[in-house]
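Enquirer: Input run00.cif, format and content: mmCIF, C-alpha atoms and all ligand atoms.
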data_my_file
loop_
_atom_site.label_atom_id
_atom_site.label_comp_id
_atom_site.auth_asym_id
_atom_site.auth_seq_id
_atom_site.Cartn_x
_atom_site.Cartn_y
_atom_site.Cartn_z
CA MET A 28 3.47 -6.96 6.83
CA GLY A 29 0.81 -7.36 4.13
CA LYS A 30 0.78 -9.81 1.25
CA LEU A 31 2.28 -8.78 -2.07
CA ILE A 32 0.70 -10.68 -4.99
CA LEU A 33 1.43 -10.47 -8.72
CA LEU A 34 -1.45 -11.09 -11.15
CA THR A 35 -0.08 -12.17 -14.50
CA SER A 36 -0.82 -14.39 -17.50
CA GLY A 37 1.57 -13.85 -20.40
CA LYS A 38 -1.40 -13.63 -22.75
CA GLY A 39 -3.29 -10.39 -23.35
CA GLY A 40 -6.99 -10.16 -22.53
CA SER A 41 -7.18 -13.15 -20.17
CA GLY A 42 -8.62 -10.89 -17.46
CA LYS A 43 -5.62 -9.84 -15.29
CA SER A 44 -6.93 -6.30 -14.69
CA SER A 45 -10.53 -7.46 -14.11
CA ILE A 46 -9.29 -10.07 -11.63
CA THR A 47 -7.12 -7.48 -9.87
CA CYS A 48 -10.19 -5.24 -9.37
CA GLY A 49 -12.63 -8.06 -8.54
CA LEU A 50 -10.32 -9.78 -6.09
CA GLY A 51 -9.33 -6.46 -4.53
CA ALA A 52 -13.01 -5.64 -3.94
CA ALA A 53 -13.64 -9.09 -2.42
CA LEU A 54 -10.64 -8.76 -0.07
CA CYS A 55 -12.01 -5.36 0.98
CA ARG A 56 -15.45 -6.84 1.75
CA ARG A 57 -13.61 -9.08 4.23
CA GLY A 58 -12.25 -5.99 6.02
CA ASN A 59 -8.77 -5.88 4.45
CA SER A 60 -7.05 -2.73 3.23
CA VAL A 61 -6.05 -3.34 -0.38
CA LEU A 62 -3.74 -1.43 -2.74
CA LEU A 63 -4.10 -2.19 -6.46
CA VAL A 64 -0.93 -1.32 -8.38
CA ASP A 65 -1.29 -0.90 -12.14
CA MET A 66 2.04 -1.86 -13.72
CA ASP A 67 0.80 -1.89 -17.31
CA GLU A 68 2.93 1.15 -18.26
CA GLY A 69 1.53 3.08 -21.21
CA LEU A 70 -1.65 0.95 -21.31
CA ARG A 71 -3.13 1.58 -17.91
CA THR A 72 -6.72 0.50 -17.30
CA LEU A 73 -7.36 0.13 -13.56
CA ASP A 74 -8.10 3.87 -13.17
CA LEU A 75 -10.87 3.52 -15.79
CA MET A 76 -12.22 0.29 -14.30
CA LEU A 77 -12.48 2.01 -10.90
CA GLY A 78 -13.91 5.30 -12.18
CA LEU A 79 -10.80 7.29 -11.21
CA SER A 80 -9.42 8.34 -14.60
CA SER A 81 -10.13 12.04 -14.04
CA GLN A 82 -8.64 12.02 -10.53
CA THR A 83 -5.16 10.64 -11.08
CA LEU A 84 -2.54 13.33 -10.58
CA PHE A 85 0.53 11.23 -9.82
CA ASP A 86 1.43 7.68 -10.77
CA LEU A 87 3.92 4.92 -9.95
CA SER A 88 6.74 6.61 -11.90
CA ASP A 89 6.39 9.76 -9.75
CA VAL A 90 6.87 7.72 -6.58
CA TYR A 91 9.69 5.67 -8.18
CA ASN A 92 11.50 8.86 -9.22
CA SER A 93 10.89 10.53 -5.82
CA ARG A 94 8.71 13.27 -7.30
CA CYS A 95 6.03 12.54 -4.69
CA THR A 96 5.33 10.25 -1.76
CA LEU A 97 3.47 6.93 -2.04
CA LYS A 98 0.58 8.43 -0.06
CA ALA A 99 0.26 11.38 -2.47
CA ALA A 100 0.04 9.11 -5.54
CA VAL A 101 -2.46 6.61 -4.11
CA LYS A 102 -6.20 7.25 -4.70
CA GLN A 103 -9.09 5.90 -2.66
CA ALA A 104 -11.16 3.75 -5.05
CA GLY A 105 -14.51 3.46 -3.29
CA LYS A 106 -16.79 4.40 -0.42
CA ASP A 107 -18.34 2.58 2.57
CA VAL A 108 -17.20 -1.05 2.47
CA TYR A 109 -14.77 -0.11 -0.32
CA GLY A 110 -13.25 2.80 1.60
CA ARG A 111 -10.12 0.70 2.13
CA LEU A 112 -9.64 -0.06 -1.59
CA TYR A 113 -6.87 2.06 -3.13
CA LEU A 114 -5.21 2.48 -6.52
CA LEU A 115 -1.69 3.41 -7.58
CA PRO A 116 -2.01 4.20 -11.32
CA ALA A 117 0.51 3.12 -13.96
CA PRO A 118 2.65 5.69 -15.80
CA LEU A 119 1.07 7.00 -19.00
CA LYS A 120 4.31 6.33 -20.92
CA ALA A 121 6.13 2.99 -21.14
CA GLY A 122 9.78 2.61 -20.06
CA GLU A 123 9.66 4.79 -16.91
CA ILE A 124 10.18 1.94 -14.42
CA GLN A 125 13.01 -0.61 -14.08
CA GLY A 126 12.79 -3.84 -12.08
CA ASP A 127 15.62 -2.68 -9.79
CA SER A 128 16.24 -2.45 -6.06
CA ARG A 129 14.43 0.93 -5.89
CA LEU A 130 11.25 -0.71 -7.22
CA GLU A 131 11.62 -3.68 -4.85
CA GLU A 132 12.09 -1.27 -1.92
CA LEU A 133 8.91 0.54 -2.97
CA LYS A 134 6.93 -2.70 -3.16
CA HIS A 135 8.03 -3.56 0.37
CA LEU A 136 6.95 -0.12 1.56
CA MET A 137 3.52 -0.80 -0.01
CA ALA A 138 3.28 -4.21 1.66
CA ALA A 139 4.09 -2.58 5.00
CA SER A 140 1.21 -0.10 4.54
CA TYR A 141 -1.70 -2.35 3.37
CA ASP A 142 -3.04 -5.84 4.15
CA TYR A 143 -2.83 -6.78 0.47
CA VAL A 144 -0.96 -5.29 -2.49
CA LEU A 145 -2.20 -6.68 -5.83
CA ILE A 146 0.07 -5.92 -8.79
CA ASP A 147 -1.55 -5.98 -12.24
CA SER A 148 1.06 -7.09 -14.77
CA PRO A 149 1.20 -6.23 -18.48
CA ALA A 150 0.76 -9.00 -21.07
CA GLY A 151 3.92 -10.67 -22.36
CA LEU A 152 7.05 -11.94 -20.66
CA ASP A 153 9.46 -9.10 -21.36
CA THR A 154 10.73 -6.12 -19.35
CA GLY A 155 7.29 -4.86 -18.20
CA PHE A 156 6.47 -8.28 -16.81
CA MET A 157 9.90 -8.62 -15.17
CA SER A 158 9.47 -5.22 -13.46
CA ALA A 159 6.03 -6.24 -12.22
CA ALA A 160 7.49 -9.51 -10.89
CA ALA A 161 10.60 -7.97 -9.27
CA GLY A 162 10.68 -8.67 -5.54
CA VAL A 163 7.36 -10.58 -5.52
CA ARG A 164 7.16 -14.24 -4.43
CA ASP A 165 3.39 -14.86 -4.53
CA VAL A 166 2.01 -15.06 -8.05
CA ILE A 167 -1.47 -15.74 -9.42
CA VAL A 168 -1.38 -16.80 -13.07
CA VAL A 169 -4.69 -15.90 -14.74
CA ALA A 170 -5.62 -18.20 -17.61
CA THR A 171 -8.74 -18.76 -19.66
CA PRO A 172 -9.21 -22.49 -20.24
CA ASP A 173 -8.39 -22.46 -23.98
CA PRO A 174 -5.31 -24.29 -25.27
CA VAL A 175 -3.39 -21.13 -26.31
CA CYS A 176 -3.79 -19.35 -22.99
CA VAL A 177 -3.00 -22.52 -21.05
CA ARG A 178 0.22 -23.11 -23.02
CA ILE A 179 1.31 -19.52 -22.37
CA ALA A 180 0.52 -19.97 -18.65
CA ALA A 181 2.93 -22.93 -18.63
CA SER A 182 5.61 -20.63 -20.16
CA VAL A 183 4.97 -18.07 -17.40
CA ARG A 184 5.63 -20.78 -14.83
CA GLU A 185 8.92 -21.70 -16.59
CA THR A 186 10.01 -18.06 -16.75
CA LEU A 187 9.25 -17.50 -13.06
CA PHE A 188 11.01 -20.74 -12.14
CA LYS A 189 14.19 -19.55 -13.93
CA ALA A 190 13.95 -16.14 -12.22
CA GLY A 191 13.92 -17.61 -8.68
CA GLU A 192 11.69 -19.11 -6.03
CA HIS A 193 7.99 -18.28 -6.38
CA ASN A 194 4.76 -19.46 -4.85
CA ILE A 195 2.55 -19.82 -7.94
CA ARG A 196 -1.21 -20.42 -8.08
CA MET A 197 -3.52 -20.67 -11.09
CA LEU A 198 -6.80 -18.77 -11.46
CA ILE A 199 -9.00 -20.01 -14.29
CA ASN A 200 -11.05 -17.11 -15.66
CA LYS A 201 -14.07 -16.86 -17.99
CA PHE A 202 -15.00 -20.46 -17.25
CA SER A 203 -18.14 -21.48 -19.14
CA LYS A 204 -19.92 -24.82 -18.88
CA ASP A 205 -21.40 -24.31 -22.36
CA MET A 206 -17.94 -24.09 -23.90
CA LEU A 207 -16.84 -27.09 -21.85
CA TYR A 208 -19.76 -29.19 -23.11
CA ARG A 209 -19.02 -28.10 -26.68
CA GLY A 210 -15.46 -29.37 -26.15
CA THR A 211 -13.77 -26.09 -27.12
CA VAL A 212 -11.96 -25.59 -23.80
CA PHE A 213 -10.11 -27.69 -21.23
CA ASN A 214 -11.79 -28.81 -18.03
CA ILE A 215 -10.31 -27.74 -14.69
CA ASP A 216 -8.21 -30.90 -14.21
CA GLU A 217 -6.79 -30.61 -17.73
CA VAL A 218 -5.70 -27.00 -17.10
CA ILE A 219 -3.89 -28.08 -13.93
CA ASP A 220 -2.26 -31.04 -15.70
CA GLU A 221 -1.15 -28.93 -18.69
CA THR A 222 0.39 -26.18 -16.55
CA GLY A 223 1.54 -28.04 -13.45
CA ILE A 224 0.21 -25.15 -11.35
CA GLN A 225 -1.97 -25.60 -8.27
CA LEU A 226 -5.42 -23.97 -8.44
CA ILE A 227 -6.50 -20.99 -6.30
CA GLY A 228 -9.94 -20.67 -7.88
CA VAL A 229 -12.22 -20.51 -10.90
CA VAL A 230 -14.11 -17.38 -12.00
CA PRO A 231 -17.03 -17.95 -14.38
CA TYR A 232 -17.73 -16.00 -17.53
CA ASP A 233 -20.07 -13.29 -16.19
CA ARG A 234 -21.18 -10.12 -17.99
CA SER A 235 -21.31 -8.25 -14.68
CA VAL A 236 -17.47 -8.12 -14.77
CA GLN A 237 -17.57 -5.91 -17.86
CA GLN A 238 -20.62 -3.97 -16.60
CA ALA A 239 -18.87 -3.04 -13.33
CA ALA A 240 -15.75 -1.95 -15.23
CA SER A 241 -17.79 0.21 -17.63
CA ALA A 242 -19.59 1.79 -14.68
CA GLY A 243 -16.24 2.37 -12.95
CA GLU A 244 -17.40 0.56 -9.80
CA PRO A 245 -16.04 -2.31 -7.71
CA LEU A 246 -17.79 -5.56 -8.68
CA ASP A 247 -20.04 -6.79 -5.88
CA TYR A 248 -22.90 -8.75 -7.48
CA GLY A 249 -23.22 -11.84 -9.65
CA LEU A 250 -21.54 -15.22 -9.97
CA ALA A 251 -18.05 -13.81 -10.57
CA ALA A 252 -18.26 -11.66 -7.41
CA ARG A 253 -19.14 -14.75 -5.37
CA ALA A 254 -16.19 -16.62 -6.93
CA PHE A 255 -13.93 -13.70 -5.91
CA ASP A 256 -15.31 -13.97 -2.36
CA ARG A 257 -14.25 -17.64 -2.22
CA ILE A 258 -10.75 -16.87 -3.59
CA ALA A 259 -10.36 -13.97 -1.12
CA ALA A 260 -11.28 -16.34 1.73
CA ARG A 261 -8.62 -18.82 0.55
CA LEU A 262 -6.02 -16.01 0.45
CA ASP A 263 -7.07 -15.10 4.01
CA GLY A 264 -6.25 -18.70 5.01
CA GLU A 265 -9.75 -20.24 5.11
CA HIS A 266 -10.44 -23.65 3.66
CA VAL A 267 -13.08 -23.19 0.94
CA SER A 268 -13.48 -26.11 -1.45
CA ILE A 269 -13.63 -25.60 -5.21
CA ASN A 270 -17.08 -26.68 -6.31
CA GLU A 271 -17.85 -26.71 -10.06
CA ARG A 272 -21.60 -26.61 -9.34
CA GLU A 273 -21.29 -23.06 -8.01
CA LEU A 274 -19.93 -21.77 -11.32
N1 LIG B 1 -14.91 -13.47 -15.79
C1 LIG B 1 -15.19 -12.68 -16.83
N2 LIG B 1 -16.40 -12.75 -17.43
C2 LIG B 1 -16.69 -11.98 -18.52
N3 LIG B 1 -15.84 -11.09 -19.06
C3 LIG B 1 -14.63 -10.96 -18.49
C4 LIG B 1 -14.22 -11.73 -17.35
N4 LIG B 1 -12.95 -11.38 -17.02
C5 LIG B 1 -12.58 -10.43 -17.89
N5 LIG B 1 -13.58 -10.17 -18.78
C6 LIG B 1 -13.56 -9.23 -19.92
O1 LIG B 1 -12.45 -9.58 -20.74
C7 LIG B 1 -11.88 -8.41 -21.34
C8 LIG B 1 -10.37 -8.37 -21.01
O2 LIG B 1 -10.24 -8.24 -19.60
P1 LIG B 1 -9.00 -7.47 -18.95
O3 LIG B 1 -8.81 -6.13 -19.55
O4 LIG B 1 -9.20 -7.56 -17.49
O5 LIG B 1 -7.82 -8.44 -19.41
P2 LIG B 1 -6.24 -8.22 -19.26
O6 LIG B 1 -5.64 -9.57 -19.14
O7 LIG B 1 -5.96 -7.27 -18.17
O8 LIG B 1 -5.89 -7.56 -20.65
P3 LIG B 1 -4.46 -6.91 -21.07
O9 LIG B 1 -3.54 -8.05 -21.36
O10 LIG B 1 -4.81 -6.11 -22.30
O11 LIG B 1 -4.00 -6.08 -19.92
C9 LIG B 1 -12.65 -7.24 -20.76
O12 LIG B 1 -13.64 -6.87 -21.70
C10 LIG B 1 -13.29 -7.79 -19.50
O13 LIG B 1 -14.51 -7.14 -19.14
MG MG B 2 -4.83 -5.48 -18.19
#
Is it possible to express this structure as C-alpha cells?
Expert:
Amino acid sequence: MGKLILLTSGKGGSGKSSITCGLGAALCRRGNSVLLVDMDEGLRTLDLMLGLSSQTLFDLSDVYNSRCTLKAAVKQAGKDVYGRLYLLPAPLKAGEIQGDSRLEELKHLMAASYDYVLIDSPAGLDTGFMSAAAGVRDVIVVATPDPVCVRIAASVRETLFKAGEHNIRMLINKFSKDMLYRGTVFNIDEVIDETGIQLIGVVPYDRSVQQAASAGEPLDYGLAARAFDRIAARLDGEHVSINEREL
C-alpha cells in the first residue's frame, strides 16, 4: 500500500501546487511511482505545470462518477526518470466531487496502485478542502514564513484536529535569508512555535520553480530541487537533518 499525502495550506499562493509537482518529481528520482491528484476543482493547474493541458481527456470527476476507470483518466507526466510520475487532473467545474465514501474508496484504490499519492488541495478551509482531506491521515501544511500565512497554517491544524486524527507536518516554502535578515518574516523556529506543527522541510525561494512550471517540466535543477530531494528522502524514512546553510 502506498502513502497518501495531502498538500494544503489554507492560504492561496503559498506554493501547494508547486510543492506537489516538485516533491512528486523528487520522489520519482528515488525510484518511486507517484500519482499527483489535482483537487483544485474549477481552478486546476497541475496539468499546465506538467505540460499536459492539451492531453487531458478525463479527470477526477469522470472516475468518481464511474464514467471511466482510474487508469483511463491518469496521464504519464514525464519520460526517462520521470516515467513513473502521473497526473489525475481536477474537474474543470467546481462542485463535481463530494468528500464521501466513494471518494475515500477511490483514494484507497490510488494508494494501492502507486508508491505515493500526493493530493493538491484548493486554498481555503471549506468544502473543496474537506473533500481533498477526506480519508487522508498524512498531511503536509505548506506555509510561507510570513505572519499571515503562518496564522492560517495554525487554523488548518485546528480544523484537521477537529475533523479527526491526522499526522501533520509543516513545509516552509519560499524561504529567503534576505527577508529573514530584513526582519519581514519569521525564522524556522518561530514558524514551528507559532503553528505547533513539526517540520518536514524548508524549500528556498528559487526562480527555477516558476521556470519549470512555465516550461511544463518536472523541476530537477536548482536549490529548491535539492530541498525536495531531502524532503523526499525523509518521506522514504531516511534521516536527513535540516540544515539552514543549504538553503
Ligand atoms: N519555492 C518557490 N520559489 C519561488 N517561487 C515559488 C516557490 N514556490 C511557489 N512559487 C511560485 O509561487 C506562485 C504560487 O505557487 P502555486 O501556484 O504553487 O501556489 P498554490 O498554493 O498552489 O496557489 P493556489 O492557492 O492558487 O492553488 C507561483 O508563481 C509559483 O511559481
Ligand atoms: Mg494550487
Enquirer: Find, counting all atoms listed in the file, the residue in A:Leu54, A:Leu207, A:Val168, A:Val230 that gets nearest to ligand LIG 1 (chain B).
Expert: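 The shortest atom-to-atom distance to ligand LIG 1 (chain B) comes from A:Val230.
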Enquirer: From the options A:Gly37, A:Thr72, A:Ser140, A:Ile219, which residue's atoms come nearest to Thr186 (chain A), counting all atoms listed in the file?
Expert: A:Gly37
Enquirer: Neighbours of Gly29 (chain A) within 10 Å (all atoms listed in the file; same-chain residues fewer than 5 positions away dropped), as a list in words?
Expert: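 Near neighbours after the sequence-gap exclusion: Asn59, Ser60, Val61, His135, Leu136, Met137, Ala138, Ala139, Ser140, Tyr141, Asp142, Tyr143 and Val144 of chain A.
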Enquirer: Please list, as a list of chain:residue names, the residues that have an atom at most 12 Å away from (-7.5, -28.5, -20.4) in the coordinates of this file, counting all atoms listed in the file.
Expert: A:Ala170, A:Thr171, A:Pro172, A:Asp173, A:Pro174, A:Val175, A:Cys176, A:Val177, A:Arg178, A:Ala180, A:Ala181, A:Ile199, A:Phe202, A:Met206, A:Leu207, A:Gly210, A:Thr211, A:Val212, A:Phe213, A:Asn214, A:Ile215, A:Asp216, A:Glu217, A:Val218, A:Ile219, A:Asp220, A:Glu221, A:Thr222, A:Gly223
Enquirer: Looking at all atoms listed in the file, which of A:Asp89, A:Asp147, A:Asp127, A:Glu265 is the one that sits closest to ligand LIG 1 (chain B)?
Expert: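 When distances to ligand LIG 1 (chain B) are compared using all atoms listed in the file, the smallest one comes from A:Asp147.
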Enquirer: With all atoms listed in the file as the atoms that count, which of A:His193, A:Thr96, A:Val169, A:Asp256 lies nearest to Ile46 (chain A)?
Expert: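 Result for the nearest residue to Ile46 (chain A): A:Val169.
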Enquirer: Pull the neighbourhood of (-12.8, 2.2, -1.9) for me: all residues within 10 Å in file coordinates, counting all atoms listed in the file, as JSON, numbers by chain.
Expert: {"A": [51, 52, 55, 60, 61, 62, 77, 102, 103, 104, 105, 106, 107, 108, 109, 110, 111, 112, 113, 114, 244, 245]}
Enquirer: Can those selected residues be exported to a file as a short mmCIF file (atom, residue, chain, number, x, y, z; two decimals), keeping the file's coordinate frame so that it contains C-alpha atoms?
Expert:
data_model
loop_
_atom_site.label_atom_id
_atom_site.label_comp_id
_atom_site.auth_asym_id
_atom_site.auth_seq_id
_atom_site.Cartn_x
_atom_site.Cartn_y
_atom_site.Cartn_z
CA GLY A 51 -9.33 -6.46 -4.53
CA ALA A 52 -13.01 -5.64 -3.94
CA CYS A 55 -12.01 -5.36 0.98
CA SER A 60 -7.05 -2.73 3.23
CA VAL A 61 -6.05 -3.34 -0.38
CA LEU A 62 -3.74 -1.43 -2.74
CA LEU A 77 -12.48 2.01 -10.90
CA LYS A 102 -6.20 7.25 -4.70
CA GLN A 103 -9.09 5.90 -2.66
CA ALA A 104 -11.16 3.75 -5.05
CA GLY A 105 -14.51 3.46 -3.29
CA LYS A 106 -16.79 4.40 -0.42
CA ASP A 107 -18.34 2.58 2.57
CA VAL A 108 -17.20 -1.05 2.47
CA TYR A 109 -14.77 -0.11 -0.32
CA GLY A 110 -13.25 2.80 1.60
CA ARG A 111 -10.12 0.70 2.13
CA LEU A 112 -9.64 -0.06 -1.59
CA TYR A 113 -6.87 2.06 -3.13
CA LEU A 114 -5.21 2.48 -6.52
CA GLU A 244 -17.40 0.56 -9.80
CA PRO A 245 -16.04 -2.31 -7.71
#
Enquirer: To check your reading of the model: which residues sit at most 8 Å from ligand LIG 1 (chain B) when counting all atoms listed in the file? Write the answer as number ranges by chain.
Expert: A: 35-47, 67, 70-72, 147-151, 169, 200-202, 230-238, 240, 251
Enquirer: Given only C-alpha atoms and all ligand atoms as the basis, pick out the residue of A:Gly264, A:Gly249, A:Gly58, A:Gly69 nearest to ligand MG 2 (chain B).
Expert: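 Comparing A:Gly264, A:Gly249, A:Gly58, A:Gly69 against ligand MG 2 (chain B), the winner is A:Gly69.
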Enquirer: Give me, please, the distance in Å between CA of Gln125 (chain A) and CA of Gly162 (chain A), quoted to one decimal.
Expert: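 Answer for the CA of Gln125 (chain A) to CA of Gly162 (chain A) separation: 12.0 Å.
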Enquirer: Between A:Ala159, A:Leu250, A:Leu87, A:Leu73, which one has atoms that come closest to ligand MG 2 (chain B), using all atoms listed in the file?
Expert: A:Leu73
Enquirer: If I take CA of His266 (chain A) and CA of Leu198 (chain A), how far is one from the other in Å, to one decimal?
Expert: 16.3 Å
Enquirer: Atoms are missing here; could region 143-166 of chain A be completed with N, CA and C atoms and written as a PDB file, keeping the file's coordinate frame?
Expert:
ATOM      1  N   TYR A 143      -3.132  -6.127   1.745  1.00  0.00           N
ATOM      2  CA  TYR A 143      -2.830  -6.780   0.470  1.00  0.00           C
ATOM      3  C   TYR A 143      -2.376  -5.739  -0.552  1.00  0.00           C
ATOM      4  N   VAL A 144      -1.371  -6.102  -1.345  1.00  0.00           N
ATOM      5  CA  VAL A 144      -0.960  -5.290  -2.490  1.00  0.00           C
ATOM      6  C   VAL A 144      -1.083  -6.198  -3.717  1.00  0.00           C
ATOM      7  N   LEU A 145      -2.002  -5.865  -4.627  1.00  0.00           N
ATOM      8  CA  LEU A 145      -2.200  -6.680  -5.830  1.00  0.00           C
ATOM      9  C   LEU A 145      -1.592  -5.937  -7.019  1.00  0.00           C
ATOM     10  N   ILE A 146      -0.634  -6.573  -7.678  1.00  0.00           N
ATOM     11  CA  ILE A 146       0.070  -5.920  -8.790  1.00  0.00           C
ATOM     12  C   ILE A 146      -0.443  -6.476 -10.119  1.00  0.00           C
ATOM     13  N   ASP A 147      -1.016  -5.595 -10.923  1.00  0.00           N
ATOM     14  CA  ASP A 147      -1.550  -5.980 -12.240  1.00  0.00           C
ATOM     15  C   ASP A 147      -0.417  -5.879 -13.263  1.00  0.00           C
ATOM     16  N   SER A 148      -0.074  -7.030 -13.849  1.00  0.00           N
ATOM     17  CA  SER A 148       1.060  -7.090 -14.770  1.00  0.00           C
ATOM     18  C   SER A 148       0.625  -6.832 -16.211  1.00  0.00           C
ATOM     19  N   PRO A 149       1.537  -6.317 -17.050  1.00  0.00           N
ATOM     20  CA  PRO A 149       1.200  -6.230 -18.480  1.00  0.00           C
ATOM     21  C   PRO A 149       1.237  -7.614 -19.115  1.00  0.00           C
ATOM     22  N   ALA A 150       0.660  -7.739 -20.323  1.00  0.00           N
ATOM     23  CA  ALA A 150       0.760  -9.000 -21.070  1.00  0.00           C
ATOM     24  C   ALA A 150       2.213  -9.176 -21.511  1.00  0.00           C
ATOM     25  N   GLY A 151       2.564 -10.407 -21.872  1.00  0.00           N
ATOM     26  CA  GLY A 151       3.920 -10.670 -22.360  1.00  0.00           C
ATOM     27  C   GLY A 151       4.848 -11.083 -21.239  1.00  0.00           C
ATOM     28  N   LEU A 152       6.077 -11.444 -21.644  1.00  0.00           N
ATOM     29  CA  LEU A 152       7.050 -11.940 -20.660  1.00  0.00           C
ATOM     30  C   LEU A 152       8.341 -11.128 -20.727  1.00  0.00           C
ATOM     31  N   ASP A 153       8.236  -9.884 -21.218  1.00  0.00           N
ATOM     32  CA  ASP A 153       9.460  -9.100 -21.360  1.00  0.00           C
ATOM     33  C   ASP A 153       9.666  -8.125 -20.191  1.00  0.00           C
ATOM     34  N   THR A 154      10.283  -6.973 -20.464  1.00  0.00           N
ATOM     35  CA  THR A 154      10.730  -6.120 -19.350  1.00  0.00           C
ATOM     36  C   THR A 154       9.600  -5.630 -18.437  1.00  0.00           C
ATOM     37  N   GLY A 155       8.425  -5.324 -19.015  1.00  0.00           N
ATOM     38  CA  GLY A 155       7.290  -4.860 -18.200  1.00  0.00           C
ATOM     39  C   GLY A 155       6.871  -5.927 -17.202  1.00  0.00           C
ATOM     40  N   PHE A 156       6.829  -7.153 -17.676  1.00  0.00           N
ATOM     41  CA  PHE A 156       6.470  -8.280 -16.810  1.00  0.00           C
ATOM     42  C   PHE A 156       7.540  -8.478 -15.737  1.00  0.00           C
ATOM     43  N   MET A 157       8.820  -8.403 -16.137  1.00  0.00           N
ATOM     44  CA  MET A 157       9.900  -8.620 -15.170  1.00  0.00           C
ATOM     45  C   MET A 157       9.893  -7.527 -14.084  1.00  0.00           C
ATOM     46  N   SER A 158       9.578  -6.286 -14.475  1.00  0.00           N
ATOM     47  CA  SER A 158       9.470  -5.220 -13.460  1.00  0.00           C
ATOM     48  C   SER A 158       8.329  -5.503 -12.507  1.00  0.00           C
ATOM     49  N   ALA A 159       7.194  -5.949 -13.073  1.00  0.00           N
ATOM     50  CA  ALA A 159       6.030  -6.240 -12.220  1.00  0.00           C
ATOM     51  C   ALA A 159       6.355  -7.379 -11.256  1.00  0.00           C
ATOM     52  N   ALA A 160       7.179  -8.324 -11.719  1.00  0.00           N
ATOM     53  CA  ALA A 160       7.490  -9.510 -10.890  1.00  0.00           C
ATOM     54  C   ALA A 160       8.626  -9.255  -9.898  1.00  0.00           C
ATOM     55  N   ALA A 161       9.414  -8.202 -10.110  1.00  0.00           N
ATOM     56  CA  ALA A 161      10.600  -7.970  -9.270  1.00  0.00           C
ATOM     57  C   ALA A 161      10.232  -7.893  -7.788  1.00  0.00           C
ATOM     58  N   GLY A 162      10.875  -8.719  -6.997  1.00  0.00           N
ATOM     59  CA  GLY A 162      10.680  -8.670  -5.540  1.00  0.00           C
ATOM     60  C   GLY A 162       9.391  -9.300  -5.042  1.00  0.00           C
ATOM     61  N   VAL A 163       8.636  -9.974  -5.929  1.00  0.00           N
ATOM     62  CA  VAL A 163       7.360 -10.580  -5.520  1.00  0.00           C
ATOM     63  C   VAL A 163       7.479 -12.102  -5.558  1.00  0.00           C
ATOM     64  N   ARG A 164       7.093 -12.759  -4.474  1.00  0.00           N
ATOM     65  CA  ARG A 164       7.160 -14.240  -4.430  1.00  0.00           C
ATOM     66  C   ARG A 164       5.825 -14.884  -4.755  1.00  0.00           C
ATOM     67  N   ASP A 165       4.715 -14.251  -4.338  1.00  0.00           N
ATOM     68  CA  ASP A 165       3.390 -14.860  -4.530  1.00  0.00           C
ATOM     69  C   ASP A 165       2.799 -14.403  -5.855  1.00  0.00           C
ATOM     70  N   VAL A 166       2.478 -15.387  -6.703  1.00  0.00           N
ATOM     71  CA  VAL A 166       2.010 -15.060  -8.050  1.00  0.00           C
ATOM     72  C   VAL A 166       0.706 -15.803  -8.338  1.00  0.00           C
TER      73      VAL A 166
END
